[in-house]
Amino acid sequence: MTIRDWLEDAEAYVLSVIEDRRRGRGAALLRGFLHFLSLLFTGAVQFRLRLFREGIIRPHTLGCQVISIGNLTVGGTGKTPVVEVFARHLQHSGRKVAILSRGYKKKEDPLLVRLLNMLLLRTENEPPRVVSDGRRLLLDSAQSGDEPYMLASNLNDVVVIVDKDRVKAGRYAVRKFGCDTLILDDGFQYLRLKHRLDIVLVDRTNPFGNRRLLPGGILREPVRNIRRAGFIFITKSPAAGAPELKEQLRRLNPTAEIVECRHAPKHLQNLYTGEQQPLSFLNGKNVGALSGIASPKGFEETLVTLGAKLLYHKRYADHHRYSQQEILDVINRSAERGCEIILTTEKDAVRFPMLERRDLPMFFLRVEIEMLTGSEAFNDWIDRICFK
């Protein structure tokens, strides 16, 4: 077992303890310890927020529009398609947009090199990584991270930049590319850069977990802090909406605009040839599913809803970077079960290695955000921010 495999197994075990799916004395002791750590983390989070709120720590301003799109929880809300919608609408309305991302799990320099750069203060002078200059892709998913690469692939005339220091990245976007609107991907907790608007996503299927903060839960900050949001997107909503959750959010934040939306499947696309197929292509097909995302169950249920017969599925940890052998193993298992094709997510597709042997066609499911309620408020806000 590699270190990566061990870490992924440990992450899965801790998550099962947090979600109360593990029984026994060991799990109970770990759950209690994690709860204690959550209390400490809660205090630290609230103290940090107070420092910013009282003006003891002052955020940077860059003389342009700054919009943050983020979560109260870790993973699984379907944030990337929402970032794409905002960026596309703002760009089409005349804004020069840059998306600033941390680039979670991107390929880093060796530890010794990073330590040396920190000691010599090289990190401040090192330019951020430009995933796309708005015209062409400049980095792959390993160098940029999954979500930035997806966004750069799907958005024309939008700059995508990766750096942990998003103040530096923002300055670079303004100076180098003339951007006048910055979108902070996963930026709700990034307070060093002053936001004009905070957009928070809430997953209808699991809004706040067990309501505890990390590491004893999935929250990054207390639920009551959603009052900072100007827009709340309830993702993964059914056609009938989510009235109970909407009312709960309204009590927590009486002034925010609330948008109910779903991730609507659009088409299938072959990973290696680019061939597109309509959703009807899945009807009656025997399929295998492969995913390394935070919420694989929803993806698999979508395939079944579209008429597929799911005969095999393989799940890996979120952001898992696949090896050739792992893909070949999935192909072999799927073929043994009688599968005709293999389906994965667009987020997973950017992490697939090149394969010479392709016994089964492999497609990813392209999804886009579809607003069920609140689209008028969203369009009005886009018009207001883009009015010159």
# chains A, B, ... in the order shown; residues from 1 in each chain; ligands from 1
$ select_by_dssp --residues "stretch 60-227 of chain A" --states "strand (DSSP E)" --output "PyMOL selection string"
chain A and resi 65-71+97-101+129-133+159-162+181-185+197-203
$ write_last_selection --atoms "N, CA and C atoms" --output "tab-separated table (two decimals), in the first residue's frame"
chain	number	residue	atom	x	y	z
A	65	GLN	N	-13.92	44.81	-8.74
A	65	GLN	CA	-14.97	43.98	-8.15
A	65	GLN	C	-14.38	42.65	-7.70
A	66	VAL	N	-14.71	42.23	-6.47
A	66	VAL	CA	-14.25	40.94	-5.96
A	66	VAL	C	-15.48	40.18	-5.44
A	67	ILE	N	-15.70	39.00	-6.00
A	67	ILE	CA	-16.85	38.16	-5.66
A	67	ILE	C	-16.32	36.83	-5.15
A	68	SER	N	-16.77	36.41	-3.98
A	68	SER	CA	-16.35	35.10	-3.48
A	68	SER	C	-17.49	34.11	-3.64
A	69	ILE	N	-17.14	32.90	-4.05
A	69	ILE	CA	-18.09	31.80	-4.16
A	69	ILE	C	-17.53	30.64	-3.34
A	70	GLY	N	-18.25	30.24	-2.31
A	70	GLY	CA	-17.69	29.22	-1.43
A	70	GLY	C	-18.76	28.46	-0.67
A	71	ASN	N	-18.31	27.76	0.37
A	71	ASN	CA	-19.17	26.87	1.14
A	71	ASN	C	-18.95	27.10	2.63
A	97	VAL	N	-12.91	39.16	-16.68
A	97	VAL	CA	-13.01	38.31	-15.49
A	97	VAL	C	-11.77	37.45	-15.30
A	98	ALA	N	-11.34	37.34	-14.05
A	98	ALA	CA	-10.33	36.35	-13.67
A	98	ALA	C	-10.86	35.52	-12.52
A	99	ILE	N	-10.66	34.22	-12.60
A	99	ILE	CA	-10.99	33.32	-11.50
A	99	ILE	C	-9.70	33.03	-10.74
A	100	LEU	N	-9.73	33.26	-9.44
A	100	LEU	CA	-8.57	33.02	-8.58
A	100	LEU	C	-8.85	31.79	-7.73
A	101	SER	N	-7.99	30.80	-7.84
A	101	SER	CA	-8.19	29.55	-7.11
A	101	SER	C	-6.93	29.19	-6.34
A	129	ARG	N	0.60	30.80	-10.88
A	129	ARG	CA	0.47	29.93	-12.04
A	129	ARG	C	-0.76	30.36	-12.86
A	130	VAL	N	-0.53	30.63	-14.13
A	130	VAL	CA	-1.63	31.02	-15.02
A	130	VAL	C	-2.11	29.76	-15.75
A	131	VAL	N	-3.30	29.31	-15.42
A	131	VAL	CA	-3.87	28.12	-16.04
A	131	VAL	C	-4.37	28.45	-17.44
A	132	SER	N	-4.99	29.62	-17.58
A	132	SER	CA	-5.46	30.11	-18.88
A	132	SER	C	-5.33	31.62	-18.90
A	133	ASP	N	-4.85	32.15	-20.02
A	133	ASP	CA	-4.78	33.60	-20.19
A	133	ASP	C	-6.02	34.15	-20.87
A	159	VAL	N	-9.72	34.60	-17.58
A	159	VAL	CA	-8.40	34.25	-17.06
A	159	VAL	C	-8.57	33.36	-15.82
A	160	VAL	N	-7.75	32.32	-15.71
A	160	VAL	CA	-7.78	31.45	-14.53
A	160	VAL	C	-6.37	31.39	-13.95
A	161	ILE	N	-6.25	31.76	-12.68
A	161	ILE	CA	-4.95	31.86	-12.01
A	161	ILE	C	-4.99	31.06	-10.71
A	162	VAL	N	-3.89	30.39	-10.41
A	162	VAL	CA	-3.79	29.56	-9.22
A	162	VAL	C	-2.66	30.06	-8.33
A	181	THR	N	-12.81	42.32	-12.72
A	181	THR	CA	-13.69	41.51	-11.87
A	181	THR	C	-12.96	40.22	-11.49
A	182	LEU	N	-12.85	39.97	-10.18
A	182	LEU	CA	-12.17	38.79	-9.68
A	182	LEU	C	-13.18	37.89	-8.98
A	183	ILE	N	-13.18	36.62	-9.34
A	183	ILE	CA	-14.01	35.62	-8.66
A	183	ILE	C	-13.10	34.74	-7.83
A	184	LEU	N	-13.34	34.72	-6.52
A	184	LEU	CA	-12.57	33.86	-5.63
A	184	LEU	C	-13.25	32.50	-5.57
A	185	ASP	N	-12.64	31.50	-6.18
A	185	ASP	CA	-13.17	30.14	-6.13
A	185	ASP	C	-12.87	29.57	-4.75
A	197	LEU	N	-19.19	40.88	-2.69
A	197	LEU	CA	-20.33	39.99	-2.52
A	197	LEU	C	-19.84	38.60	-2.17
A	198	ASP	N	-20.54	37.97	-1.21
A	198	ASP	CA	-20.25	36.59	-0.83
A	198	ASP	C	-21.41	35.71	-1.27
A	199	ILE	N	-21.09	34.68	-2.06
A	199	ILE	CA	-22.08	33.70	-2.51
A	199	ILE	C	-21.75	32.39	-1.81
A	200	VAL	N	-22.73	31.81	-1.13
A	200	VAL	CA	-22.52	30.58	-0.39
A	200	VAL	C	-23.41	29.49	-0.96
A	201	LEU	N	-22.83	28.32	-1.17
A	201	LEU	CA	-23.57	27.17	-1.68
A	201	LEU	C	-23.92	26.24	-0.53
A	202	VAL	N	-25.14	25.74	-0.55
A	202	VAL	CA	-25.62	24.79	0.46
A	202	VAL	C	-26.18	23.58	-0.27
A	203	ASP	N	-25.66	22.41	0.05
A	203	ASP	CA	-26.09	21.16	-0.57
A	203	ASP	C	-27.39	20.70	0.08
$ select_by_dssp --residues "stretch 112-307 of chain A" --states "alpha helix (DSSP H)" --output "mmCIF file with C-alpha atoms, in the first residue's frame"
data_model
loop_
_atom_site.group_PDB
_atom_site.id
_atom_site.type_symbol
_atom_site.label_atom_id
_atom_site.label_comp_id
_atom_site.auth_asym_id
_atom_site.auth_seq_id
_atom_site.Cartn_x
_atom_site.Cartn_y
_atom_site.Cartn_z
ATOM 1 C CA LEU A 112 12.799 20.982 0.707
ATOM 2 C CA VAL A 113 12.460 23.369 -2.250
ATOM 3 C CA ARG A 114 9.355 24.967 -0.705
ATOM 4 C CA LEU A 115 11.090 25.389 2.669
ATOM 5 C CA LEU A 116 14.133 26.961 1.006
ATOM 6 C CA ASN A 117 11.913 29.353 -0.966
ATOM 7 C CA MET A 118 10.138 30.388 2.245
ATOM 8 C CA LEU A 119 13.441 31.008 4.065
ATOM 9 C CA SER A 141 -4.722 19.480 -14.285
ATOM 10 C CA ALA A 142 -1.779 18.134 -12.290
ATOM 11 C CA GLN A 143 -0.070 21.545 -12.246
ATOM 12 C CA SER A 144 -3.221 23.577 -11.705
ATOM 13 C CA ASP A 146 -8.882 19.725 -11.068
ATOM 14 C CA GLU A 147 -11.369 22.596 -10.739
ATOM 15 C CA PRO A 148 -9.167 25.365 -12.209
ATOM 16 C CA TYR A 149 -8.373 23.165 -15.201
ATOM 17 C CA MET A 150 -12.080 22.384 -15.744
ATOM 18 C CA LEU A 151 -12.974 26.064 -15.574
ATOM 19 C CA ALA A 152 -10.176 27.061 -17.925
ATOM 20 C CA SER A 153 -11.248 24.358 -20.397
ATOM 21 C CA ASN A 154 -14.883 25.468 -20.457
ATOM 22 C CA ARG A 166 -4.964 35.279 -3.789
ATOM 23 C CA VAL A 167 -4.082 38.879 -3.003
ATOM 24 C CA LYS A 168 -0.921 38.393 -5.049
ATOM 25 C CA ALA A 169 -2.871 36.499 -7.715
ATOM 26 C CA GLY A 170 -5.455 39.281 -7.883
ATOM 27 C CA ARG A 171 -2.835 41.980 -8.301
ATOM 28 C CA TYR A 172 -1.273 39.920 -11.079
ATOM 29 C CA ALA A 173 -4.636 39.516 -12.851
ATOM 30 C CA VAL A 174 -5.300 43.267 -12.716
ATOM 31 C CA ARG A 175 -1.787 44.297 -13.765
ATOM 32 C CA LYS A 176 -0.992 41.623 -16.340
ATOM 33 C CA PHE A 177 -4.404 41.024 -17.939
ATOM 34 C CA PRO A 243 -39.011 24.856 1.011
ATOM 35 C CA GLU A 244 -37.988 23.652 4.488
ATOM 36 C CA LEU A 245 -34.290 24.318 3.927
ATOM 37 C CA LYS A 246 -35.112 27.632 2.285
ATOM 38 C CA GLU A 247 -37.124 28.699 5.336
ATOM 39 C CA GLN A 248 -34.305 27.628 7.652
ATOM 40 C CA LEU A 249 -31.797 29.665 5.637
ATOM 41 C CA ARG A 250 -34.165 32.639 5.624
ATOM 42 C CA ARG A 251 -34.193 32.604 9.421
ATOM 43 C CA LEU A 252 -30.397 32.524 9.490
ATOM 44 C CA PRO A 296 -20.480 9.718 -5.680
ATOM 45 C CA LYS A 297 -23.951 8.447 -4.819
ATOM 46 C CA GLY A 298 -25.652 11.397 -6.517
ATOM 47 C CA PHE A 299 -23.664 10.820 -9.713
ATOM 48 C CA GLU A 300 -24.589 7.135 -9.799
ATOM 49 C CA GLU A 301 -28.261 7.881 -9.132
ATOM 50 C CA THR A 302 -28.253 10.350 -12.023
ATOM 51 C CA LEU A 303 -27.037 7.644 -14.410
ATOM 52 C CA VAL A 304 -29.873 5.357 -13.325
ATOM 53 C CA THR A 305 -32.390 8.203 -13.699
#
$ atom_distance --atom1 "atom CA of A:Lys314" --atom2 "atom CA of A:Asp329"
10.0 Å
$ residues_around --residues "A:Phe233" --least-positions-apart "4" --cutoff "6 Å" --atoms "only C-alpha atoms" --output "ChimeraX atom specification"
/A:201,258-260
$ write_last_selection --atoms "N, CA and C atoms" --output "CSV table (one decimal), in the first residue's frame"
chain,number,residue,atom,x,y,z
A,201,LEU,N,-22.8,28.3,-1.2
A,201,LEU,CA,-23.6,27.2,-1.7
A,201,LEU,C,-23.9,26.2,-0.5
A,258,ILE,N,-32.0,34.0,-2.3
A,258,ILE,CA,-31.8,32.6,-2.3
A,258,ILE,C,-32.2,32.0,-3.6
A,259,VAL,N,-31.3,31.3,-4.2
A,259,VAL,CA,-31.5,30.6,-5.5
A,259,VAL,C,-31.5,29.1,-5.3
A,260,GLU,N,-32.6,28.5,-5.8
A,260,GLU,CA,-32.6,27.0,-5.8
A,260,GLU,C,-32.2,26.5,-7.2
$ atom_distance --atom1 "atom CA of A:Leu306" --atom2 "atom CA of A:Pro207"
25.2 Å
$ closest_residue --among "A:Met362, A:Ile226, A:Ala264, A:Leu155" --to "A:Val85" --atoms "only C-alpha atoms"
A:Leu155
$ residues_around --residues "A:Gly26" --least-positions-apart "6" --cutoff "12 Å" --atoms "only C-alpha atoms" --output "tab-separated table (two decimals) with C-alpha atoms, in the first residue's frame"
chain	number	residue	atom	x	y	z
A	13	TYR	CA	-12.37	5.96	8.03
A	14	VAL	CA	-12.47	9.34	9.78
A	17	VAL	CA	-16.70	8.03	12.21
A	32	GLY	CA	-15.14	12.20	21.27
A	33	PHE	CA	-11.57	13.36	20.56
$ residues_around --residues "A:Leu310" --least-positions-apart "6" --cutoff "7 Å" --atoms "only C-alpha atoms" --output "mmCIF file with N, CA and C atoms, in the first residue's frame"
data_model
loop_
_atom_site.group_PDB
_atom_site.id
_atom_site.type_symbol
_atom_site.label_atom_id
_atom_site.label_comp_id
_atom_site.auth_asym_id
_atom_site.auth_seq_id
_atom_site.Cartn_x
_atom_site.Cartn_y
_atom_site.Cartn_z
ATOM 1 N N ASN A 286 -25.936 -1.021 -20.466
ATOM 2 C CA ASN A 286 -25.247 -1.587 -19.303
ATOM 3 C C ASN A 286 -23.961 -0.790 -19.081
ATOM 4 N N VAL A 287 -23.848 -0.133 -17.921
ATOM 5 C CA VAL A 287 -22.718 0.771 -17.712
ATOM 6 C C VAL A 287 -21.977 0.456 -16.416
ATOM 7 N N GLY A 288 -20.706 0.831 -16.425
ATOM 8 C CA GLY A 288 -19.899 0.865 -15.215
ATOM 9 C C GLY A 288 -19.633 2.319 -14.864
ATOM 10 N N VAL A 304 -28.703 6.240 -13.347
ATOM 11 C CA VAL A 304 -29.873 5.357 -13.325
ATOM 12 C C VAL A 304 -31.121 6.126 -13.769
#
$ residues_around --residues "stretch 50-64 of chain A" --least-positions-apart "4" --cutoff "7 Å" --atoms "only C-alpha atoms" --output "list in words"
Gln46, Arg171, Asp180, Thr181, Leu191, Arg192, Leu193 and Lys194 of chain A
$ write_last_selection --atoms "C-alpha atoms" --output "short mmCIF file (atom, residue, chain, number, x, y, z; two decimals), in the first residue's frame"
data_model
loop_
_atom_site.label_atom_id
_atom_site.label_comp_id
_atom_site.auth_asym_id
_atom_site.auth_seq_id
_atom_site.Cartn_x
_atom_site.Cartn_y
_atom_site.Cartn_z
CA GLN A 46 -14.57 32.91 15.54
CA ARG A 171 -2.83 41.98 -8.30
CA ASP A 180 -11.77 44.37 -13.53
CA THR A 181 -13.69 41.51 -11.87
CA LEU A 191 -10.81 37.27 4.25
CA ARG A 192 -7.45 38.81 3.30
CA LEU A 193 -9.03 40.16 0.12
CA LYS A 194 -12.09 42.38 0.60
#
$ closest_residue --among "A:Thr344, A:Thr77, A:Arg135, A:Gly216" --to "A:Arg204" --atoms "only C-alpha atoms"
A:Thr77
$ residues_around --residues "A:His267" --least-positions-apart "6" --cutoff "12 Å" --atoms "only C-alpha atoms" --output "PDB file with N, CA and C atoms, in the first residue's frame"
ATOM      1  N   GLY A 274     -13.367  12.991 -27.837  1.00  0.00           N
ATOM      2  CA  GLY A 274     -14.171  14.205 -27.832  1.00  0.00           C
ATOM      3  C   GLY A 274     -15.557  14.026 -28.417  1.00  0.00           C
ATOM      4  N   GLU A 275     -15.884  12.824 -28.880  1.00  0.00           N
ATOM      5  CA  GLU A 275     -17.205  12.547 -29.453  1.00  0.00           C
ATOM      6  C   GLU A 275     -18.295  12.799 -28.416  1.00  0.00           C
ATOM      7  N   GLN A 276     -19.370  13.466 -28.837  1.00  0.00           N
ATOM      8  CA  GLN A 276     -20.487  13.741 -27.941  1.00  0.00           C
ATOM      9  C   GLN A 276     -21.688  12.877 -28.301  1.00  0.00           C
ATOM     10  N   GLN A 277     -22.412  12.479 -27.262  1.00  0.00           N
ATOM     11  CA  GLN A 277     -23.632  11.697 -27.438  1.00  0.00           C
ATOM     12  C   GLN A 277     -24.740  12.332 -26.613  1.00  0.00           C
ATOM     13  N   PRO A 278     -25.992  12.264 -27.104  1.00  0.00           N
ATOM     14  CA  PRO A 278     -27.111  12.791 -26.312  1.00  0.00           C
ATOM     15  C   PRO A 278     -27.360  11.908 -25.089  1.00  0.00           C
ATOM     16  N   LEU A 279     -28.089  12.442 -24.134  1.00  0.00           N
ATOM     17  CA  LEU A 279     -28.383  11.686 -22.913  1.00  0.00           C
ATOM     18  C   LEU A 279     -29.175  10.419 -23.219  1.00  0.00           C
ATOM     19  N   SER A 280     -29.963  10.435 -24.287  1.00  0.00           N
ATOM     20  CA  SER A 280     -30.759   9.261 -24.661  1.00  0.00           C
ATOM     21  C   SER A 280     -29.873   8.064 -25.002  1.00  0.00           C
ATOM     22  N   PHE A 281     -28.597   8.316 -25.289  1.00  0.00           N
ATOM     23  CA  PHE A 281     -27.646   7.254 -25.586  1.00  0.00           C
ATOM     24  C   PHE A 281     -27.526   6.263 -24.422  1.00  0.00           C
ATOM     25  N   LEU A 282     -27.819   6.739 -23.198  1.00  0.00           N
ATOM     26  CA  LEU A 282     -27.680   5.889 -22.013  1.00  0.00           C
ATOM     27  C   LEU A 282     -28.861   4.954 -21.804  1.00  0.00           C
ATOM     28  N   LEU A 303     -27.174   8.574 -13.285  1.00  0.00           N
ATOM     29  CA  LEU A 303     -27.037   7.644 -14.410  1.00  0.00           C
ATOM     30  C   LEU A 303     -28.258   6.721 -14.505  1.00  0.00           C
ATOM     31  N   LEU A 306     -31.262   8.471 -15.834  1.00  0.00           N
ATOM     32  CA  LEU A 306     -31.183   8.675 -17.278  1.00  0.00           C
ATOM     33  C   LEU A 306     -31.406   7.397 -18.073  1.00  0.00           C
ATOM     34  N   LEU A 343     -18.783   5.218 -17.425  1.00  0.00           N
ATOM     35  CA  LEU A 343     -19.120   6.621 -17.205  1.00  0.00           C
ATOM     36  C   LEU A 343     -18.351   7.167 -16.014  1.00  0.00           C
ATOM     37  N   THR A 345     -17.266  11.357 -14.083  1.00  0.00           N
ATOM     38  CA  THR A 345     -17.650  12.763 -14.024  1.00  0.00           C
ATOM     39  C   THR A 345     -16.636  13.610 -14.793  1.00  0.00           C
ATOM     40  N   GLU A 346     -17.031  14.825 -15.114  1.00  0.00           N
ATOM     41  CA  GLU A 346     -16.106  15.732 -15.804  1.00  0.00           C
ATOM     42  C   GLU A 346     -14.916  16.062 -14.917  1.00  0.00           C
ATOM     43  N   PHE A 363     -16.864   7.654 -21.220  1.00  0.00           N
ATOM     44  CA  PHE A 363     -17.494   8.962 -21.380  1.00  0.00           C
ATOM     45  C   PHE A 363     -17.573   9.668 -20.028  1.00  0.00           C
ATOM     46  N   PHE A 364     -17.559  11.001 -20.074  1.00  0.00           N
ATOM     47  CA  PHE A 364     -17.919  11.749 -18.870  1.00  0.00           C
ATOM     48  C   PHE A 364     -19.254  12.434 -19.099  1.00  0.00           C
ATOM     49  N   LEU A 365     -19.943  12.693 -17.999  1.00  0.00           N
ATOM     50  CA  LEU A 365     -21.257  13.327 -18.036  1.00  0.00           C
ATOM     51  C   LEU A 365     -21.082  14.826 -17.827  1.00  0.00           C
ATOM     52  N   ARG A 366     -21.425  15.598 -18.838  1.00  0.00           N
ATOM     53  CA  ARG A 366     -21.353  17.054 -18.744  1.00  0.00           C
ATOM     54  C   ARG A 366     -22.610  17.572 -18.063  1.00  0.00           C
ATOM     55  N   VAL A 367     -22.442  18.351 -16.979  1.00  0.00           N
ATOM     56  CA  VAL A 367     -23.577  18.937 -16.273  1.00  0.00           C
ATOM     57  C   VAL A 367     -23.399  20.451 -16.210  1.00  0.00           C
ATOM     58  N   GLU A 368     -24.515  21.154 -16.157  1.00  0.00           N
ATOM     59  CA  GLU A 368     -24.511  22.603 -16.015  1.00  0.00           C
ATOM     60  C   GLU A 368     -25.570  22.995 -14.987  1.00  0.00           C
TER      61      GLU A 368
END
$ closest_atom_pairs --of "stretch 203-279 of chain A" --to "stretch 40-44 of chain A" --cutoff "7 Å" --atoms "only C-alpha atoms" --output "JSON lines"
{"residue": "A:Leu213", "atom": "CA", "partner": "A:Thr42", "partner_atom": "CA", "distance": 6.5}
{"residue": "A:Leu214", "atom": "CA", "partner": "A:Phe41", "partner_atom": "CA", "distance": 7.0}
{"residue": "A:Glu221", "atom": "CA", "partner": "A:Thr42", "partner_atom": "CA", "distance": 6.8}
$ write_last_selection --atoms "C-alpha atoms" --output "PDB file, in the first residue's frame"
ATOM      1  CA  LEU A 213     -16.789  22.043  12.728  1.00  0.00           C
ATOM      2  CA  LEU A 214     -13.699  20.280  11.459  1.00  0.00           C
ATOM      3  CA  GLU A 221     -17.306  27.692  10.365  1.00  0.00           C
TER       4      GLU A 221
END
